[in-house]
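S.K.: Encoded as structure tokens, here's the structure I'll be asking about.
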Amino acid sequence: MPLSDLHRLPRDKPHLETVLELGEVITAITVPANAAGLRSHYLKVRDRASFEFAVVSAAVAIETDGARIRQARVALGGVGTKPWRLPNVETALAGADFEPAALRQAAALAADGTRGRGHNGFKIELMQRAIVRAVEIAGARA
């Protein structure tokens, strides 16, 4: 099954995180080769430096042609009930340079349609900053 189908939304069974049935086990994961995976970074923001769950995490993989991003893959964790891929951010990053303003503009699209729930509203800004930082780090890798 595609990884995007593994996690489920809570709906009427919030105690179930995946679609795996009782007794099912993941025995293998196949990750197809992709040029965007040559430059990647996973950024985990947490309350303290331990094995704490992520408050926000950003995973990015980019392919560049030097100063510009040719293609990007971006996903967030810690901001919803399952990991979220961000195709609108990926599209905005394609063709962008590594100027902070361009990265911030693309990352701002991650907030489209989001709303904080009082105690976690700070995550909206934090997730955008995490995306920008992860892209900067991935882009700096040779």
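Here, A, B, ... name the chains of the structure tokens in the order displayed, residue numbers run from 1 inside each chain, and ligands are numbered from 1 in the same displayed order.
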Determine, counting only C-alpha atoms, which protein, DNA and RNA residues have an atom within 9 Å of an atom of range 74-81 of chain A; residues of the same chain fewer than 2 positions away are not included. Present the result as a PDB file with N, CA and C atoms, in the first residue's frame.
M.R.:
ATOM      1  N   HIS A   7      -1.707   5.701   7.509  1.00  0.00           N
ATOM      2  CA  HIS A   7      -2.283   6.392   8.670  1.00  0.00           C
ATOM      3  C   HIS A   7      -3.727   6.772   8.388  1.00  0.00           C
ATOM      4  N   ARG A   8      -4.539   6.704   9.410  1.00  0.00           N
ATOM      5  CA  ARG A   8      -5.954   7.028   9.249  1.00  0.00           C
ATOM      6  C   ARG A   8      -6.300   8.284  10.032  1.00  0.00           C
ATOM      7  N   LEU A   9      -7.347   8.941   9.606  1.00  0.00           N
ATOM      8  CA  LEU A   9      -7.884  10.069  10.359  1.00  0.00           C
ATOM      9  C   LEU A   9      -8.695   9.510  11.519  1.00  0.00           C
ATOM     10  N   PRO A  10      -8.784  10.235  12.636  1.00  0.00           N
ATOM     11  CA  PRO A  10      -9.433   9.685  13.820  1.00  0.00           C
ATOM     12  C   PRO A  10     -10.914   9.354  13.644  1.00  0.00           C
ATOM     13  N   GLU A  17      -4.562   4.354  14.859  1.00  0.00           N
ATOM     14  CA  GLU A  17      -3.721   5.284  14.102  1.00  0.00           C
ATOM     15  C   GLU A  17      -3.449   4.833  12.680  1.00  0.00           C
ATOM     16  N   LYS A  44      13.319  17.983  13.618  1.00  0.00           N
ATOM     17  CA  LYS A  44      12.383  17.658  14.685  1.00  0.00           C
ATOM     18  C   LYS A  44      12.481  18.734  15.760  1.00  0.00           C
ATOM     19  N   PHE A  53       8.377  13.379  21.870  1.00  0.00           N
ATOM     20  CA  PHE A  53       7.656  13.464  20.605  1.00  0.00           C
ATOM     21  C   PHE A  53       7.862  14.848  19.997  1.00  0.00           C
ATOM     22  N   ALA A  54       7.793  14.925  18.689  1.00  0.00           N
ATOM     23  CA  ALA A  54       7.967  16.200  18.004  1.00  0.00           C
ATOM     24  C   ALA A  54       6.767  17.110  18.253  1.00  0.00           C
ATOM     25  N   VAL A  55       7.049  18.368  18.565  1.00  0.00           N
ATOM     26  CA  VAL A  55       5.999  19.384  18.586  1.00  0.00           C
ATOM     27  C   VAL A  55       5.615  19.663  17.139  1.00  0.00           C
ATOM     28  N   VAL A  56       6.638  19.782  16.300  1.00  0.00           N
ATOM     29  CA  VAL A  56       6.509  19.926  14.849  1.00  0.00           C
ATOM     30  C   VAL A  56       7.721  19.242  14.239  1.00  0.00           C
ATOM     31  N   SER A  57       7.520  18.546  13.138  1.00  0.00           N
ATOM     32  CA  SER A  57       8.657  18.022  12.391  1.00  0.00           C
ATOM     33  C   SER A  57       8.434  18.314  10.911  1.00  0.00           C
ATOM     34  N   ALA A  58       9.538  18.504  10.216  1.00  0.00           N
ATOM     35  CA  ALA A  58       9.481  18.757   8.776  1.00  0.00           C
ATOM     36  C   ALA A  58      10.489  17.847   8.096  1.00  0.00           C
ATOM     37  N   ALA A  59      10.041  17.139   7.080  1.00  0.00           N
ATOM     38  CA  ALA A  59      10.916  16.298   6.274  1.00  0.00           C
ATOM     39  C   ALA A  59      10.893  16.864   4.861  1.00  0.00           C
ATOM     40  N   VAL A  60      12.066  17.148   4.329  1.00  0.00           N
ATOM     41  CA  VAL A  60      12.152  17.674   2.972  1.00  0.00           C
ATOM     42  C   VAL A  60      13.189  16.894   2.176  1.00  0.00           C
ATOM     43  N   ALA A  61      12.935  16.766   0.902  1.00  0.00           N
ATOM     44  CA  ALA A  61      13.882  16.198  -0.048  1.00  0.00           C
ATOM     45  C   ALA A  61      13.805  17.076  -1.286  1.00  0.00           C
ATOM     46  N   ILE A  62      14.961  17.510  -1.746  1.00  0.00           N
ATOM     47  CA  ILE A  62      14.977  18.430  -2.889  1.00  0.00           C
ATOM     48  C   ILE A  62      15.978  17.980  -3.939  1.00  0.00           C
ATOM     49  N   ALA A  72      10.718  19.286  -5.190  1.00  0.00           N
ATOM     50  CA  ALA A  72      10.762  19.153  -3.739  1.00  0.00           C
ATOM     51  C   ALA A  72       9.677  18.207  -3.260  1.00  0.00           C
ATOM     52  N   PRO A  83       0.970  12.144   9.552  1.00  0.00           N
ATOM     53  CA  PRO A  83       1.924  12.942   8.766  1.00  0.00           C
ATOM     54  C   PRO A  83       1.220  13.515   7.527  1.00  0.00           C
ATOM     55  N   TRP A  84       1.560  14.761   7.179  1.00  0.00           N
ATOM     56  CA  TRP A  84       0.900  15.434   6.062  1.00  0.00           C
ATOM     57  C   TRP A  84       1.914  15.810   4.996  1.00  0.00           C
ATOM     58  N   ARG A  85       1.653  15.385   3.774  1.00  0.00           N
ATOM     59  CA  ARG A  85       2.448  15.814   2.624  1.00  0.00           C
ATOM     60  C   ARG A  85       1.862  17.129   2.131  1.00  0.00           C
ATOM     61  N   LEU A  86       2.692  18.023   1.641  1.00  0.00           N
ATOM     62  CA  LEU A  86       2.274  19.374   1.265  1.00  0.00           C
ATOM     63  C   LEU A  86       2.537  19.653  -0.215  1.00  0.00           C
ATOM     64  N   PRO A  87       1.691  19.145  -1.108  1.00  0.00           N
ATOM     65  CA  PRO A  87       1.927  19.345  -2.542  1.00  0.00           C
ATOM     66  C   PRO A  87       1.907  20.810  -2.965  1.00  0.00           C
ATOM     67  N   VAL A  89       3.060  23.353  -1.250  1.00  0.00           N
ATOM     68  CA  VAL A  89       4.380  23.888  -0.895  1.00  0.00           C
ATOM     69  C   VAL A  89       5.421  23.350  -1.881  1.00  0.00           C
ATOM     70  N   GLU A  90       5.320  22.073  -2.223  1.00  0.00           N
ATOM     71  CA  GLU A  90       6.252  21.473  -3.181  1.00  0.00           C
ATOM     72  C   GLU A  90       6.208  22.199  -4.526  1.00  0.00           C
ATOM     73  N   ASN A 120      -2.622  25.250  20.757  1.00  0.00           N
ATOM     74  CA  ASN A 120      -1.610  24.831  19.785  1.00  0.00           C
ATOM     75  C   ASN A 120      -1.505  25.766  18.586  1.00  0.00           C
ATOM     76  N   LYS A 123       1.766  26.433  16.597  1.00  0.00           N
ATOM     77  CA  LYS A 123       2.335  25.478  15.643  1.00  0.00           C
ATOM     78  C   LYS A 123       2.225  25.954  14.199  1.00  0.00           C
ATOM     79  N   ILE A 124       1.283  26.823  13.909  1.00  0.00           N
ATOM     80  CA  ILE A 124       1.106  27.300  12.536  1.00  0.00           C
ATOM     81  C   ILE A 124       2.351  28.049  12.076  1.00  0.00           C
ATOM     82  N   MET A 127       5.534  25.509  12.166  1.00  0.00           N
ATOM     83  CA  MET A 127       5.669  24.569  11.047  1.00  0.00           C
ATOM     84  C   MET A 127       6.239  25.264   9.812  1.00  0.00           C
ATOM     85  N   ALA A 130       9.910  25.665  10.386  1.00  0.00           N
ATOM     86  CA  ALA A 130      10.579  24.370  10.279  1.00  0.00           C
ATOM     87  C   ALA A 130      10.793  23.986   8.814  1.00  0.00           C
ATOM     88  N   ILE A 131       9.813  24.245   7.977  1.00  0.00           N
ATOM     89  CA  ILE A 131       9.960  23.948   6.547  1.00  0.00           C
ATOM     90  C   ILE A 131      11.112  24.757   5.959  1.00  0.00           C
ATOM     91  N   VAL A 135      14.568  23.112   4.422  1.00  0.00           N
ATOM     92  CA  VAL A 135      14.964  23.328   3.022  1.00  0.00           C
ATOM     93  C   VAL A 135      16.337  23.972   2.957  1.00  0.00           C
TER      94      VAL A 135
END
S.K.: In Å, how far is it from CA of Leu16 in chain A to CA of Ser4 in chain A?
M.R.: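 Interatomic distance here is 15.6 Å.
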S.K.: For Gly113 in chain A, list every protein, DNA or RNA residue within 12 Å, evaluated using only C-alpha atoms, and leave out those in the same chain fewer than 3 positions away; present the list as a list in words.
M.R.: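 Within the cut-off, the hits are Asn88, Ala108, Leu109, Ala110, Gly116 and Ile124 of chain A.
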S.K.: Extract the full set of alpha helix (DSSP H) residues from range 14-133 of chain A according to DSSP on the backbone, and format it as a list in words.
M.R.: Pro87, Asn88, Val89, Glu90, Thr91, Ala92, Leu93, Pro100, Ala101, Ala102, Leu103, Arg104, Gln105, Ala106, Ala107, Ala108, Phe122, Lys123, Ile124, Glu125, Leu126, Met127, Gln128, Arg129, Ala130, Ile131, Val132 and Arg133 of chain A
S.K.: Please compute the CA of Gln71 in chain A-CA of Leu93 in chain A distance, one decimal, in Å.
M.R.: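 Separation of CA of Gln71 in chain A and CA of Leu93 in chain A: 7.1 Å.
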S.K.: Compare A:Lys82, A:Arg129, A:Arg117, A:His41 by their minimum atom-to-atom distance to Arg104 in chain A, counting only C-alpha atoms, and give me the closest one.
M.R.: A:Arg129
S.K.: Do you have the CA of Gly121 in chain A-CA of Ala92 in chain A distance handy?
M.R.: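 According to the coordinates, CA of Gly121 in chain A and CA of Ala92 in chain A are separated by 23.8 Å.
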S.K.: In terms of the shortest atom-to-atom distance over only C-alpha atoms, which of A:Asp5, A:Glu63, A:Asp12, A:Glu125 is closest to Asn34 in chain A?
M.R.: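 Using only C-alpha atoms, Asn34 in chain A sits closest to A:Glu63.
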